[in-house]
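Worksheet: the structure to be examined is printed underneath.
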Amino acid sequence: MRCPLFLAVFLAAAALTASAQSQPENKPQEPALPYSPSLDVTSMDRSVDPCVNFYKYACAGWQRRNPVPPDQTSWSVYAKLYEDNLNFLRGILEQAAADSPSRDQVTREIGDFYAACMDESAAETRGASPIEPQLAAIAALRSARQLAPLVARLQLEFGRYIFFAAGSTQDPDNSEQVIADLDQGGLGLPDRDYYTKDDAKSKETRERYLAHVRKIFELLGESPADAGRDASTVMNLETAMARSQLTRVERRDPYNLKHKMSLAALESLAPNFDWKTYYRDAGYPPFSIVNVDAPAFYKELNSLLASRPVSTLQTYLRFHVANSASAYLSSAFVTENFDFYRKYLRGAKEQQARWKRCVSYTDADLGDALGQAYVKRAFSPGLKDATLDMVRRIEDAMGRRIRELDWMSPETRQQALVKLAGMRNKIGYPDKWRDYSSVQISRGDFAGNRQRAAAFESHRQISKIGKPVDHGEWGMTAPTVNAYYDPQMNDINFPAGVLQPPLYDAKMDEAPNYGDTGGTVGHELTHGFDDEGSQFDAHGNLRNWWTKQDREKFNARTRCVEDQYAGYVVIDDIHINSQLTLGEDVADLGGEILAYLAWKDAIKGKTLESIDGLTPEQRFFVGFAQWACENTRPEEARLRALTDPHSPAEYRINGVVVNMPEFAQAFSCKLGQPMTKPPAKVCRVW
Ligand SMILES: [Zn+2]
């Protein structure tokens with residue numbers, strides 16, 4: 001239940017401040033990184049009227065210069081940073097991969113993992129053999145009752161996407177405790193809506209998915225006729241599972257996800273699955289409570305287990321094991337995976353170079369090991385101090401806002417201040433790095449490395465159950481170019497990767513830095529007080545701390561934002577699903593208001609001058625807009641319209657400034673002036 005700045009996760013660009021250590025002569029130099037300033041006037045298009053389309057005014061130059069590269073589905077300031085960072089991490093990993101006896105533990109882990117991944121010819125030779133033991137176990141299944149131990153094993157080795165999603169979560173009523181958790185899952189398409197919608201595009205997507213499933217079965221050696229029949233079986237089962245799942249909008253109400261029960265109650269909800277054996281084989285510690293996020297899904301799954309033949313369950317499992325593993329099998333699997341998921345669904349023209357994928361896998365599987373190497377080179381204590389100062393100023397601004405709100409009663413105001421005071425700030429990287437020494441990493445076994453890393457992560461999640469919460473834990477790796485708020489932890493998290501130029505630019509003055517990174521800090525902080533986050537208290541418990549009247553006034557304010565964004569078009573005739581994006585839209589607006597207040601506080605008493613024909617206030621807003629400069633392929637835009645809780649980049653800027661009198665004043669616009677359609681009225685939540 002985290003609220004990131006982006007749905008997609010980007011790795012960081014390394015900092016310019018990367019220490020220029022002299023390299024041993026026989027080792028390659030770490031690549032130098034291009035510097036991009038946090039405000040770049042060449043990215044602007046001053047022929048556009050900022051009062052009519054501010055996003056274009058700030059970003060059209062960038063958009064013209066930066067078409068989407070063939071291996072990308074969109075291209076943005078964040079994505080470019082990610083690409084620069086991949087290069088930087090590649091340098092670190094290539095050095096680490098040199099098989100030298102002097103390597104320390106962490107260097108050996110990331111180096112051998114990367115080397116194994118890069119060995120494409122080994123993957124080619126092995127074909128589908130890395131999943132043969134699992135396929136044999138699936139073939140040996142004789143009854144639905146025997147499914148439990150098999151699912152326990154497959155979920156450990158292939159992640160939590162087989163039949164359902166299992167793991168641990170903070171108790172929604174007592175955030176200091178971790179309990180077992182069961183969520184819906186098990187689909188091969190990115191959302192349940194793909195299975196249920198009746199428009200032409202959705203039907204086409206289902207046809208293409210069916211062809212993809214068929215191809216995977218053919219790659220496993222089935223005849224075209226068998227593969228076609230098996231693909232229909234998978235589609236049929238997944239469609240039934242999808243229909244019983246909660247929608248993304250329903251999942252934004254935390255009460256819809258709270259169903260704590262005993263193991264006995266779970267057994268009576270879904271008696272056809274052998275839960276005791278499942279939990280024993282998956283290595284769970286004894287527990288008394290499990291939260292079932294979506295009981296209707298488990299009820300349906302239970303009846304499917306009874307009504308479908310065992311062969312259907314085997315067919316489903318065969319596909320999902322091969323589909324989950326396809327990225328690390330031979331090139332035929334890799335290509336099929338790319339063709340459907342990245343090319344058809346998201347619009348990429350070309351596969352990414354193997355080294356890019358291998359850097360990303362290393363970050364995903366050994367993130368804290370790679371993170372240590374990254375932070376050493378890219379995150380100085382000075383940078384941490386500077387950004388922490390910014391965070392504190394933004395929290396102060398939020399405190400002032402809460403005290404000044406004219407619509408809030410003293411009772412709720414007091415509670416809001418308590419929540420703000422209880423918020424933890426996590427900047428850069430964790431105090432304690434995760435230890436991967438128990439994961440066996442072999443230079444010659446990429447598939448095995450991935451399976452063992454997945455099992456390590458599953459066990460790590462499971463072993464938290466029954467223990468107090470670790471408040472030092474991070475949900476993103478240090479090199480990640482993203483940030484998040486976690487309502488149950490009540491903390492805001494900014495990895496080192498997101499605190500780099502052009503997002504945070506130590507060389508630049510405060511105006512664009514506050515507009516950009518200050519706005520991001522404000523965004524995450526506001527998540528604690530958006531329509532969803534505001535239902536959790538200072539301790540992260542799901543508890544109403546609002547008076548009825550204040551909640552109604554708050555809801556009227558968020559409704560204003562919901563109506564505003566519902567009017568914007570994503571692509572063709574698809575509008576923003578503003579019930580899905582509401583929390584992010586509220587955070588975008590609140591974040592920028594806070595950043596502006598904090599910036600004014602930081603520059604108090606200073607005399608600032610215009611630079612490049614822009615006043616300091618204008619520079620604040622151009623800096624803000626330029627975090628979001630982006631080009632997006634139409635396929636990617638369509639996928640995001642269904643799955644992404646964030647609005648498209650253009651509206652994350654225009655939809656915000658149109659509500660800010662501070663902006664209208666800075667550019668001498670009329671407040672609420674046409675920013676490519678909506679507002680009839682001006683919205684302000686916080
Ligand atoms: Zn967010």
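Lettering and numbering for the structure tokens are positional, with chains as A, B, ... in the shown order, residues counted from 1 in each chain, and ligands counted from 1 in the shown order.
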Which residues are close to stretch 213-224 of chain A, i.e. within 8 Å by only C-alpha atoms, leaving aside same-chain residues fewer than 5 positions away? Reply as JSON, numbers by chain.
{"A": [128, 230, 231, 234, 319, 322, 323, 332, 333, 336]}
Could you list, as an NGL selection string, all residues that come within 12 Å of ligand 1? Count only C-alpha atoms and all ligand atoms.
:A and (1-8 or 482-487 or 492-493 or 519-530 or 532-533 or 580-591 or 644-647 or 652)
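Excluding A:Arg153 and any residue on its chain fewer than 5 positions from it, the residues at most 10 Å away by only C-alpha atoms are Gln134, Ala137, Ala148, Phe158, Gly159, Tyr278, Asp281, Ala282, Gly283 and Ala455 of chain A.
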Write a file of the selected residues as a PDB file, in the first residue's frame, keeping N, CA and C atoms.
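Saved result, part.pdb, follows:
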ATOM      1  N   GLN A 134      10.258 -28.011 -12.226  1.00  0.00           N
ATOM      2  CA  GLN A 134       8.934 -27.511 -11.862  1.00  0.00           C
ATOM      3  C   GLN A 134       7.864 -28.088 -12.797  1.00  0.00           C
ATOM      4  N   ALA A 137       7.061 -31.521 -11.697  1.00  0.00           N
ATOM      5  CA  ALA A 137       6.225 -31.533 -10.492  1.00  0.00           C
ATOM      6  C   ALA A 137       4.766 -31.230 -10.848  1.00  0.00           C
ATOM      7  N   ALA A 148      -1.700 -27.516  -2.927  1.00  0.00           N
ATOM      8  CA  ALA A 148      -1.103 -26.606  -1.939  1.00  0.00           C
ATOM      9  C   ALA A 148       0.433 -26.652  -1.886  1.00  0.00           C
ATOM     10  N   PHE A 158       9.061 -18.319  -8.162  1.00  0.00           N
ATOM     11  CA  PHE A 158       8.683 -17.465  -9.293  1.00  0.00           C
ATOM     12  C   PHE A 158       7.936 -16.207  -8.860  1.00  0.00           C
ATOM     13  N   GLY A 159       7.979 -15.894  -7.583  1.00  0.00           N
ATOM     14  CA  GLY A 159       7.270 -14.704  -7.137  1.00  0.00           C
ATOM     15  C   GLY A 159       5.822 -15.038  -6.844  1.00  0.00           C
ATOM     16  N   TYR A 278      -0.088 -25.742   2.825  1.00  0.00           N
ATOM     17  CA  TYR A 278       0.489 -24.623   2.079  1.00  0.00           C
ATOM     18  C   TYR A 278       1.392 -23.790   2.986  1.00  0.00           C
ATOM     19  N   ASP A 281       4.548 -25.734   4.111  1.00  0.00           N
ATOM     20  CA  ASP A 281       5.554 -25.919   3.057  1.00  0.00           C
ATOM     21  C   ASP A 281       6.188 -24.606   2.609  1.00  0.00           C
ATOM     22  N   ALA A 282       5.419 -23.512   2.703  1.00  0.00           N
ATOM     23  CA  ALA A 282       5.987 -22.223   2.296  1.00  0.00           C
ATOM     24  C   ALA A 282       6.901 -21.649   3.378  1.00  0.00           C
ATOM     25  N   GLY A 283       6.922 -22.286   4.550  1.00  0.00           N
ATOM     26  CA  GLY A 283       7.845 -21.865   5.606  1.00  0.00           C
ATOM     27  C   GLY A 283       7.320 -20.752   6.491  1.00  0.00           C
ATOM     28  N   ALA A 455      13.271 -16.739  -3.873  1.00  0.00           N
ATOM     29  CA  ALA A 455      12.967 -17.494  -2.655  1.00  0.00           C
ATOM     30  C   ALA A 455      13.452 -16.745  -1.415  1.00  0.00           C
TER      31      ALA A 455
END
DSSP-assigned helix (DSSP H, G or I) members of stretch 185-382 of chain A, reported as a PyMOL selection string
chain A and resi 193-196+200-219+224-243+250-252+254-257+263-269+275-282+295-307+310-328+331-344+354-365+367-378+381-382
With distances taken over only C-alpha atoms, which residue among A:Gln665, A:Gln488, A:Pro410, A:Val334 lies nearest A:Glu124?
A:Val334
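Each of A:Glu630, A:Asp435, A:Glu510, A:Asp181 was compared to A:Lys258 using only C-alpha atoms, and A:Asp181 turns out to be the nearest.
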Counting only C-alpha atoms, figure out which residue out of A:Met476, A:Ala79, A:Ile611, A:Ala538 gets nearest to A:Gln415.
A:Ala538
Could you name the residues that touch stretch 471-474 of chain A at 8 Å or less, counting only C-alpha atoms, but leaving out those on the same chain fewer than 5 positions away, as a ChimeraX atom specification?
/A:429-432,489,493
Could the residues in this selection be written to a file with N, CA, C and O atoms, as an mmCIF file, in the first residue's frame?
data_model
loop_
_atom_site.group_PDB
_atom_site.id
_atom_site.type_symbol
_atom_site.label_atom_id
_atom_site.label_comp_id
_atom_site.auth_asym_id
_atom_site.auth_seq_id
_atom_site.Cartn_x
_atom_site.Cartn_y
_atom_site.Cartn_z
ATOM 1 N N TYR A 429 19.270 6.341 1.751
ATOM 2 C CA TYR A 429 19.494 4.892 1.777
ATOM 3 C C TYR A 429 19.279 4.390 3.200
ATOM 4 O O TYR A 429 19.299 5.165 4.150
ATOM 5 N N PRO A 430 19.082 3.074 3.362
ATOM 6 C CA PRO A 430 18.792 2.537 4.702
ATOM 7 C C PRO A 430 20.009 2.588 5.634
ATOM 8 O O PRO A 430 21.156 2.551 5.170
ATOM 9 N N ASP A 431 19.755 2.662 6.934
ATOM 10 C CA ASP A 431 20.846 2.634 7.909
ATOM 11 C C ASP A 431 21.513 1.265 7.928
ATOM 12 O O ASP A 431 22.700 1.142 8.215
ATOM 13 N N LYS A 432 20.707 0.243 7.651
ATOM 14 C CA LYS A 432 21.252 -1.120 7.685
ATOM 15 C C LYS A 432 21.007 -1.784 6.336
ATOM 16 O O LYS A 432 19.870 -1.827 5.878
ATOM 17 N N MET A 489 3.309 2.953 7.579
ATOM 18 C CA MET A 489 4.545 3.333 8.271
ATOM 19 C C MET A 489 4.502 4.809 8.650
ATOM 20 O O MET A 489 5.282 5.262 9.484
ATOM 21 N N ASN A 493 9.843 8.542 1.819
ATOM 22 C CA ASN A 493 11.100 7.879 1.450
ATOM 23 C C ASN A 493 11.642 8.440 0.143
ATOM 24 O O ASN A 493 10.972 8.393 -0.886
#
Restrict the calculation to only C-alpha atoms, then for each residue of stretch 65-165 of chain A with any atom at most 10 Å from an atom of stretch 290-301 of chain A give the closest atom pair and their distance in Å to one decimal, rows by chain and rising residue number, as a Markdown table.
| residue | atom | partner | partner_atom | distance |
| --- | --- | --- | --- | --- |
| A:Phe163 | CA | A:Leu301 | CA | 8.3 |
| A:Phe164 | CA | A:Tyr298 | CA | 8.6 |
| A:Ala165 | CA | A:Asp293 | CA | 9.9 |
For A:Val439, list every protein, DNA or RNA residue within 10 Å, evaluated using only C-alpha atoms, and leave out those in the same chain fewer than 2 positions away; present the list as a VMD selection string.
chain A and resid 109 366 435 to 437 441 to 442 449 to 457
Please save C-alpha atoms of the selected residues as a PDB file, in the first residue's frame.
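Result file selection_11.pdb:
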ATOM      1  CA  GLU A 109      27.567 -11.068  -5.156  1.00  0.00           C
ATOM      2  CA  LEU A 366      20.244  -7.700  -4.972  1.00  0.00           C
ATOM      3  CA  ASP A 435      22.589  -9.207   3.835  1.00  0.00           C
ATOM      4  CA  TYR A 436      22.395 -11.564   0.828  1.00  0.00           C
ATOM      5  CA  SER A 437      25.155 -13.916   1.954  1.00  0.00           C
ATOM      6  CA  ILE A 441      24.980 -16.984  -6.474  1.00  0.00           C
ATOM      7  CA  SER A 442      26.659 -18.912  -9.218  1.00  0.00           C
ATOM      8  CA  ASN A 449      20.262 -17.173  -9.263  1.00  0.00           C
ATOM      9  CA  ARG A 450      16.936 -15.540 -10.053  1.00  0.00           C
ATOM     10  CA  GLN A 451      14.947 -18.382  -8.489  1.00  0.00           C
ATOM     11  CA  ARG A 452      17.079 -18.401  -5.339  1.00  0.00           C
ATOM     12  CA  ALA A 453      16.873 -14.614  -5.045  1.00  0.00           C
ATOM     13  CA  ALA A 454      13.074 -14.834  -5.384  1.00  0.00           C
ATOM     14  CA  ALA A 455      12.967 -17.494  -2.655  1.00  0.00           C
ATOM     15  CA  PHE A 456      15.165 -15.337  -0.414  1.00  0.00           C
ATOM     16  CA  GLU A 457      12.777 -12.395  -0.825  1.00  0.00           C
TER      17      GLU A 457
END
